[in-house]
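Accompanying notes for the structure given below.
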Protein chains: 2
Amino acid sequence: MSEYSVVGKSVPRVDALDKVTGAAQYGADVHRPGMLYGKIVRSKHPHAYIRGIDTSEAEKLPGVRAIVTQADVKTGRSVFATDKVLYVGEPIAAVAATDPDIAEEAAELVKIDYEELPVVQDVLEAIKPSTPRLHNDDTKDGPARRVIKARLKKLSDDESQDHSAEIEELTAKFESLEDEVYYNISAETHTEAGDVEKGFAESDIVVEDTYVVPRVHQTYMEPHVSIAEADSSGKVTVWASTQGPFAIRSGVAGTLGIPLTQINVIPTTMGGGFGGRFGVALTHVPAVLLSQKTGRPVRVQMTREEEFVDGRPAPGCVIKLKTGATNDGRILARQALAFWDSGSVSGASIGSTIRVRGVYKIPNLKVDAYGVYTNKSGTTAYRAPGTPQVAYAGESQLDEIARKIGMDGVEFRLKNMREEGDQIPAGAKEPKVGYKETLKAVADAAGWWNREKGPNQGWGVAIGDWTNGCGPGGIYISVHEDGSVRIFHGSIDITGTDTAIAQIVAEVLTVPYEQVTITRGDTDSAPYATGSGGSVVTFTMGNTAKLAAEDTCQRILALAAERLNTSADNLELKDGKVSVLVQDPPRSISLGELAAYSLSTTGGPIVGKGSFARKPSTPALAAQIAKVEVDPETGNVRVLKMVSSQDVGFAINPMAVEGQIEGGTVQGYAWAMMEEMQYDEKGNVNPGFVDYRVPTSADLPTVQSVIVEVPAPNGPFGAKGVGEPPITPTLATMANAVVDAIGVRITELPIKPEKVIDALKQNGK
Amino acid sequence: MSEYSVVGKSVPRVDALDKVTGAAQYGADVHRPGMLYGKIVRSKHPHAYIRGIDTSEAEKLPGVRAIVTQADVKTGRSVFATDKVLYVGEPIAAVAATDPDIAEEAAELVKIDYEELPVVQDVLEAIKPSTPRLHNDDTKDGPARRVIKARLKKLSDDESQDHSAEIEELTAKFESLEDEVYYNISAETHTEAGDVEKGFAESDIVVEDTYVVPRVHQTYMEPHVSIAEADSSGKVTVWASTQGPFAIRSGVAGTLGIPLTQINVIPTTMGGGFGGRFGVALTHVPAVLLSQKTGRPVRVQMTREEEFVDGRPAPGCVIKLKTGATNDGRILARQALAFWDSGSVSGASIGSTIRVRGVYKIPNLKVDAYGVYTNKSGTTAYRAPGTPQVAYAGESQLDEIARKIGMDGVEFRLKNMREEGDQIPAGAKEPKVGYKETLKAVADAAGWWNREKGPNQGWGVAIGDWTNGCGPGGIYISVHEDGSVRIFHGSIDITGTDTAIAQIVAEVLTVPYEQVTITRGDTDSAPYATGSGGSVVTFTMGNTAKLAAEDTCQRILALAAERLNTSADNLELKDGKVSVLVQDPPRSISLGELAAYSLSTTGGPIVGKGSFARKPSTPALAAQIAKVEVDPETGNVRVLKMVSSQDVGFAINPMAVEGQIEGGTVQGYAWAMMEEMQYDEKGNVNPGFVDYRVPTSADLPTVQSVIVEVPAPNGPFGAKGVGEPPITPTLATMANAVVDAIGVRITELPIKPEKVIDALKQNGK
């Protein structure tokens with residue numbers, strides 16, 4: 001029996017009624033009087049010089065009110081392509097018209113004079129010296145040579161002493177070094193711990209593979225949409241469907257040179273984000289520019305096709321991975337060389353390559369990761385950014401090793417898992433996390449230890465971890481005359497976070513959950529709140545809510561002390577009323593009575609505030625086991641069982657946590673088995689749900705969720721982030737299960753039926 | 001030179017740009033998708049039984065979506081007339097249709113079967129026994145007899161001892177008493193201090209008059225308007241132009257039985273209120289009922305004509321006033337009997353009759369006031385409710401006495417004014433207020449002491465006081481990464497209060513005024529705030545703002561102490577940055593840098609809150625002197641000079657304070673000289689600005705404002721309420737000036753040219 005009344009309970013979501021009745025207002029529901037419709041003019045070529053932009057025909061079209069290009073961006077910050085386009089769909093201009101059809105027609109009438117260039121699509125091609133450069137980089141040296149070069153410069157700049165001997169030695173090394181040089185590199189990271197060469201030398205077994213993961217799209221239900229309204233005073237209002245209204249405020253402010261106080265971002269109900277709904281470029285900035293130019297409200301809404309050509313999907317990658325272990329199952333060394341497909345701009349997620357270390361002890365580690373420019377749209381975060389890709393490589397390879405040394409996959413992982421106080425490779429000390437508890441829990445729940453399989457069936461296990469974060473947040477609370485409690489804040493509800501906040505406040509103020517309502521403000525009204533991503537919301541805003549409720553509680557007790565003529569020490573808030581502890585006869589006063597009384601005291605209305613930022617959050621682990629059956633005729637893989645466990649610290653709302661686990665697992669399943677952005681030689685992508693396959697309910701396994709609760713020290717009631725972890729193991733889980741069924745590893749996702757058939761053929765079946 | 005940087009300065013209003021550019025959103029600017037238009041079905045008779053309501057024809061009209069009557073009000077609270085109407089324009093039903101014209105046509109098609117009753121218009125007629133009663137009251141005894149009756153009941157109920165002697169005596173007194181009985185009384189108050197009979201007996205001179213003041217309308221520019229949207233979950237959103245959104249919330253909630261948390265009131269920019277924009281009945285409740293019935297947003301907006309027939313104007317009154325004084329100018333006694341024209345419902349302002357005591361010592365006082373039912377719409381507050389009417393009577397009569405005893409009007413008033421610690425008749429002790437300072441200031445500024453006048457010219461002086469109040473309020477403050485400061489609150493700006501709040505916060509946080517922005521929330525988001533009326537806002541919200549800024553300041557200093565690695569004691573917030581006091585070299589950090597830093601500390605974003613309620617506020621005085629010239633041919637009165645002084649405690653924004661003084665003086669001038677609601681024998685009023693004359697700029701005097709600053713102890717920076725006082729003396733000021741010019745007192749307002757001509761004829765001119 002829980003010691004709590006509201007937290008830890010599967011209460012219905014605060015937004016349930018609004019969502020099911022259609023009362024929730026999404027971006028497309030915002031209609032402003034006199035609103036115009038914007039349309040982006042997009043590149044039709046993946047790689048070309050722009051020799052001219054002619055808007056004259058488009059301007060003549062009746063109903064067109066404005067066309068903006070980069071010339072309208074007074075700050076000079078890049079919004080539209082000017083001299084060169086780098087992908088099909090890249091924005092070149094934007095049109096505002098009185099009608100969406102007119103806007104679309106006008107966008108077609110903008111004439112772009114292109115001079116086509118060769119297309120760069122494949123990362124392994126892109127890095128070659130012979131490949132054209134997307135950006136004018138002058139890369140000559142590899143990373144090791146660059147390190148030496150920097151050292152040499154330092155030495156020769158230092159005149160305080162004679163470095164000639166060292167300079168000579170380094171120069172010799174520099175010249176002799178056969179350091180591989182990569183081209184079209186957008187970013188790189190290099191991490192080392194221990195000595196991998198030594199580690200591999202000491203290993204009984206070394207496995208080396210190349211894993212290929214495709215770009216996938218977050219496929220949120222609601223396309224990007226923005227309604228901007230610039231008034232004659234220069235004030236700009238943006239209705240934005242976003243994961244982070246404050247990021248949109250500062251992003252639009254910075255891009256267009258508008259003071260923060262002159263921008264108000266009104267968040268609309270968000271139809272899914274998954275990391276893909278933070279940026280300002282896709283619709284917000286163009287909408288603001290068009291509104292500023294026309295003096296009228298402008299809506300810019302992307303079509304599903306535009307989402308695919310100009311959304312910011314998750315990067316694909318090629319990971320060359322090498323792992324060494326002893327025959328008794330100790331991992332000694334791991335080396336990764338990863339090339340991330342960044343698209344046209346400096347890329348997301350390459351920093352996640354370090355996650356190939358997993359939650360294992362691995363004494364020797366070397367990670368080299370590169371973002372690579374290609375003629376595709378830029379990328380961004382997608383649920384546990386970069387981690388599913390890396391975990392797919394890392395956990396696949398562990399599966400290979402376990403098979404080779406004849407050790408149970410769960411036992412092998414348990415043996416290598418870090419425990420509290422262990423050294424994290426290239427990191428700090430491990431805090432207390434339920435790694436082993438989580439893996440054991442999924443094994444127990446799935447029946448792993450006594451697993452059986454029929455023909456064409458296989459079992460797979462994998463784990464994935466996520467280093468939870470924390471952001472800044474503020475929350476206000478008011479208590480009303482009827483005893484109801486109102487929470488006011490500015491963070492975006494991300495699948496239940498508002499509900500968790502309401503539960504926490506109800507718990508602290510000892511009122512029924514139904515009596516607590518929660519209101520989201522815009523950036524003009526709400527205190528700052530961190531963006532809703534990275535599994536930070538329940539941790540951050542939950543802690544903030546707790547502080548705000550405790551502050552409110554103090555005011556309540558002070559007011560009750562005044563009203564009941566006693567000291568606050570002698571009072572207790574319980575069951576929504578304040579009672580005198582030592583008193584005969586017992587006296588009490590309800591929150592509603594106190595709130596009414598508060599309006600006539602010098603202290604004033606009962607309001608509380610909480611402000612919080614960046615306490616260390618605790619990492620989380622998800623572990624999954626799948627049992628699959630492969631149809632050798634069709635290559636179709638059917639999931640017979642899918643069990644997903646997760647250390648959530650404390651489940652504020654178990655139903656919501658299960659929802660997260662199921663959702664993440666399903667997204668991972670889709671990435672493993674069907675989703676893939678496919679670019680043709682003309683740079684065109686599969687731009688809709690006919691060609692880009694997402695699972696339907698008929699495709700999906702039933703996910704059995706197992707909640708593990710190892711309390712997080714700084715978490716509200718011990719809770720930690722739960723959103724990212726469940727997607728992290730699934731790519732590997734599915735891959736490992738398929739190997740177990742067909743005996744061949746498919747190292748390039750997704751595991752489509754045709755690849756299964758090919759693999760079976762290769763395996764002689 | 002002021003010790004302050006921002007308060008005390010005439011900075012531009014925070015809403016100036018929005019107002020002049022048209023960006024401010026008034027009720028009529030709110031458009032909701034699918035919105036219907038509501039129209040009230042109104043009584044065409046001033047007094048009649050309703051024998052039937054037939055909506056069948058109206059319902060058949062294409063485009064009509066709903067018709068509501070009292071039957072739709074599940075709480076039973078009175079919204080629409082059912083069996084009887086009491087004035088022309090009384091709501092009987094409301095229609096919602098797809099178009100305003102259809103709604104209007106449908107309202108005409110609702111058939112009401114009336115049985116007409118005699119009309120009661122005049123308060124002195126209404127109180128007679130022979131007059132029909134509007135409500136079924138069984139008044140038999142006068143007030144003195146009712147007091148004896150209550151005492152007799154108490155005595156006979158008390159069985160603890162023998163009261164027979166007293167009972168006998170009282171019974172005899174009861175029977176002998178010729179206590180006048182009044183009928184159609186809606187409310188009454190009776191106040192006594194000292195012994196007026198004795199006072200009059202001791203007086204050298206006793207003057208007795210009857211003063212008649214008409215009903216006037218607040219004539220705010222924006223008619224009442226409400227847009228209500230009830231969603232399928234039962235949640236109701238009301239866009240309301242109102243002085244008190246929280247009052248609208250609780251009012252609608254109470255009337256219709258909706259929980260507070262299920263109503264959100266979004267205040268729109270208010271186009272004037274002056275006390276007349278607090279109620280829920282006129283548009284808000286009908287709009288909500290229609291929206292609930294149709295499931296669609298509904299706008300109910302009154303026409304100017306509806307404002308006159310069903311608005312809630314200021315009550316007219318008849319005041320019989322008697323004052324006794326000595327020949328050397330000491331006021332000894334005053335007695336008032338007032339009948340206030342309440343209209344159809346229990347009336348407003350009768351409690352203000354006590355204000356005939358003014359700010360004078362008057363040792364003997366008796367005040368009897370009645371609200372009287374008539375066949376007119378109900379009344380409500382209008383700037384200093386009831387006080388201009390009463391001050392008109394009181395200050396006119398002092399003028400008469402001064403003339404009769406040959407004493408200067410200013411000297412006479414100064415001689416009788418209360419000072420700090422004096423007994424307020426039927427009240428407490430007088431606090432420190434600049435009564436004499438204010439009157440002297442206006443006399444000096446107007447050149448009273450050396451005044452001259454030509455033929456047909458006259459000078460008038462009068463004063464008026466207002467007992468400032470205070471309400472509850474809450475304010476939140478955020479500091480942003482660019483150093484800007486955001487105030488968030490829920491009180492309605494009433495001609496500059498937002499600006500005062502912003503100035504106070506800027507002053508405390510030592511930032512430039514331009515860096516402070518202020519945002520108003522709806523009732524779902526903002527902390528509770530008192531209604532904007534009764535001159536409470538700058539006092540209440542100003543104090544709240546100061547508390548919030550001080551709370552913010554604490555967080556700033558704590559954060560800076562952490563950042564600069566020193567103690568908060570060693571820090572000073574000045575010029576928008578925090579500096580180390582004792583440090584070599586000097587170090588400092590700006591608010592913007594601190595705000596950015598706050599997002600990464602455990603303390604979190606810089607937010608502050610203030611909560612405040614009901615500290616005693618200090619009364620205020622306005623004094624005015626007018627010089628007029630009467631055209632004996634036309635009876636037209638021209639104002640040659642109008643000087644208006646006021647003790648404002650401290651002028652947070654002198655320009656805004658002058659605006660208040662000018663506005664109030666002009667409204668008083670209009671009431672004195674031209675405004676009047678005229679009801680004909682059919683109960684119809686003059687329903688528009690053709691027949692109801694308000695002054696144009698051509699009619700208006702230039703008002704010279706004189707600000708007197710005697711600091712109010714509890715006021716923010718010494719400020720006190722400034723809105724109500726300036727209207728209070730003007731009716732009397734003008735009347736006294738006209739007497740001085742034509743030698744005859746006109747005791748029935750307004751002083752229209754025809755009355756002046758009549759008076760001149762009466763005076764033999």
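Chain identifiers are assigned as A, B, and so on, following the order in which chains appear in the structure tokens; residues are numbered from 1 within each chain, and ligands are numbered from 1 in order of appearance.
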
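The part of chain A that reaches within 6 Å of chain B is made up of Pro472, Phe488, Ser525, Leu599, Ser600, Thr601, Thr602, Gly603, Gly604, Pro605, Ser611, Phe612, Ala613, Arg614 and Lys615 of chain A, counting only C-alpha atoms.
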
For segment 159-171 of chain B, work out the shell of residues within 10 Å, counting only C-alpha atoms and skipping chain neighbours fewer than 5 positions away, then give it as a CSV table (one decimal) with N, CA, C and O atoms, in the first residue's frame.
chain,number,residue,atom,x,y,z
B,145,ARG,N,-40.6,53.5,14.1
B,145,ARG,CA,-41.6,52.5,14.6
B,145,ARG,C,-41.0,51.1,14.4
B,145,ARG,O,-41.2,50.3,15.2
B,148,ILE,N,-38.6,50.5,17.2
B,148,ILE,CA,-39.3,50.2,18.5
B,148,ILE,C,-39.9,48.8,18.4
B,148,ILE,O,-39.9,48.0,19.4
B,149,LYS,N,-40.5,48.5,17.3
B,149,LYS,CA,-41.1,47.1,17.1
B,149,LYS,C,-40.1,46.0,17.4
B,149,LYS,O,-40.4,45.0,18.1
B,151,ARG,N,-37.4,46.2,19.1
B,151,ARG,CA,-37.0,46.3,20.6
B,151,ARG,C,-38.1,45.6,21.4
B,151,ARG,O,-37.9,44.8,22.3
B,152,LEU,N,-39.4,45.8,21.0
B,152,LEU,CA,-40.5,45.2,21.7
B,152,LEU,C,-40.5,43.7,21.6
B,152,LEU,O,-40.7,43.0,22.6
B,153,LYS,N,-40.1,43.3,20.4
B,153,LYS,CA,-40.1,41.8,20.2
B,153,LYS,C,-39.0,41.2,21.1
B,153,LYS,O,-39.3,40.1,21.7
B,154,LYS,N,-37.9,41.9,21.1
B,154,LYS,CA,-36.8,41.4,21.9
B,154,LYS,C,-37.2,41.3,23.4
B,154,LYS,O,-36.9,40.3,24.1
B,176,SER,N,-48.1,56.6,19.5
B,176,SER,CA,-48.2,58.0,19.4
B,176,SER,C,-47.3,58.6,18.3
B,176,SER,O,-47.5,59.7,17.8
B,177,LEU,N,-46.4,57.8,17.9
B,177,LEU,CA,-45.3,58.3,16.9
B,177,LEU,C,-46.0,58.6,15.5
B,177,LEU,O,-46.6,57.7,15.0

Could you list, as a VMD selection string, every residue within 10 Å of segment 191-195 of chain B, counting only C-alpha atoms and ignoring same-chain residues fewer than 3 positions away? chain B and resid 198 to 200 332 to 336 351 353 to 354 362 to 369 424 to 427

Write out as JSON, numbers by chain the set of residues from segment 143-302 of chain A that DSSP, computed on the backbone, places in alpha helix (DSSP H). {"A": [143, 144, 145, 146, 147, 148, 149, 150, 151, 152, 153, 154, 155, 156, 157, 164, 165, 166, 167, 168, 169, 170, 171, 172, 173, 174, 175, 176, 196, 197, 198, 199, 200, 201, 202, 245, 246, 247, 248, 249, 250, 251, 252, 253, 254, 255, 256, 284, 285, 286, 287, 288, 289, 290, 291, 292, 293, 294]}

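Here the residues within segment 316-352 of chain B that DSSP labels strand (DSSP E or B) on the basis of the backbone are Cys317, Val318, Ile319, Lys320, Leu321, Lys322, Thr323, Gly324, Ala325, Ile331, Leu332, Ala333, Arg334, Gln335, Ala336, Leu337, Ala338, Phe339, Trp340, Asp341, Ser342 and Gly343 of chain B.
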
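Counting only C-alpha atoms, Gln660 of chain B has the following residues at most 8 Å away, ignoring those fewer than 5 positions along the same chain: Thr495, Val722, Gly723 and Pro726 of chain B.
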
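Atom pair atom CA of Lys761 of chain B / atom CA of Pro632 of chain B: separated by 9.8 Å.
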
For Ser352 of chain B, work out the shell of residues within 10 Å, counting only C-alpha atoms and skipping chain neighbours fewer than 6 positions away, then give it as a list in words. Thr189, Ala369, Ala384, Pro385, Gly386, Thr387, Pro388, Gln389, Val390, Ala391 and Trp466 of chain B

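One distance worth recording is that between atom CA of Leu290 of chain A and atom CA of Leu109 of chain A, which is 17.5 Å.
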
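Closest approach to Asn375 of chain A among A:Gln121, A:Ser156, A:Asn686, A:Gln292: A:Gln121, based on only C-alpha atoms.
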
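Residues within 7 Å of Ser346 of chain A, counting only C-alpha atoms and excluding same-chain residues fewer than 3 positions away, are A:Ser186, A:Ala187, A:Ser342, A:Gly371.
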
Print the selection's residues with C-alpha atoms to a file, as an mmCIF file, in the first residue's frame.
data_model
loop_
_atom_site.group_PDB
_atom_site.id
_atom_site.type_symbol
_atom_site.label_atom_id
_atom_site.label_comp_id
_atom_site.auth_asym_id
_atom_site.auth_seq_id
_atom_site.Cartn_x
_atom_site.Cartn_y
_atom_site.Cartn_z
ATOM 1 C CA SER A 186 30.198 18.833 -40.642
ATOM 2 C CA ALA A 187 31.384 17.972 -37.154
ATOM 3 C CA SER A 342 23.967 15.230 -41.349
ATOM 4 C CA GLY A 371 28.878 14.266 -39.189
#

Residue neighbourhood segment 420-423 of chain B, 8 Å, only C-alpha atoms, exclusion window fewer than 6 positions, as a PyMOL selection string: chain B and resi 361+429-433

Limited to C-alpha atoms, could you put the picked residues into a file as a tab-separated table (two decimals), in the first residue's frame?
chain	number	residue	atom	x	y	z
B	361	LYS	CA	-16.27	68.57	11.88
B	429	LYS	CA	-10.66	59.33	13.94
B	430	GLU	CA	-9.40	61.31	10.99
B	431	PRO	CA	-6.09	60.14	9.52
B	432	LYS	CA	-3.56	62.52	8.01
B	433	VAL	CA	-5.00	63.86	4.76

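In this comparison, which uses only C-alpha atoms, the residue of A:Glu507, A:Leu581, A:Gly142, A:Ser588 approaching Arg563 of chain A most closely is A:Ser588.
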
Nearest to Ala595 of chain B by atom-to-atom distance, counting only C-alpha atoms, from B:Lys74, B:Lys627, B:Arg555, B:Lys293: B:Arg555

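Put simply, atom CA of Tyr211 of chain B is 11.7 Å away from atom CA of Trp340 of chain B.
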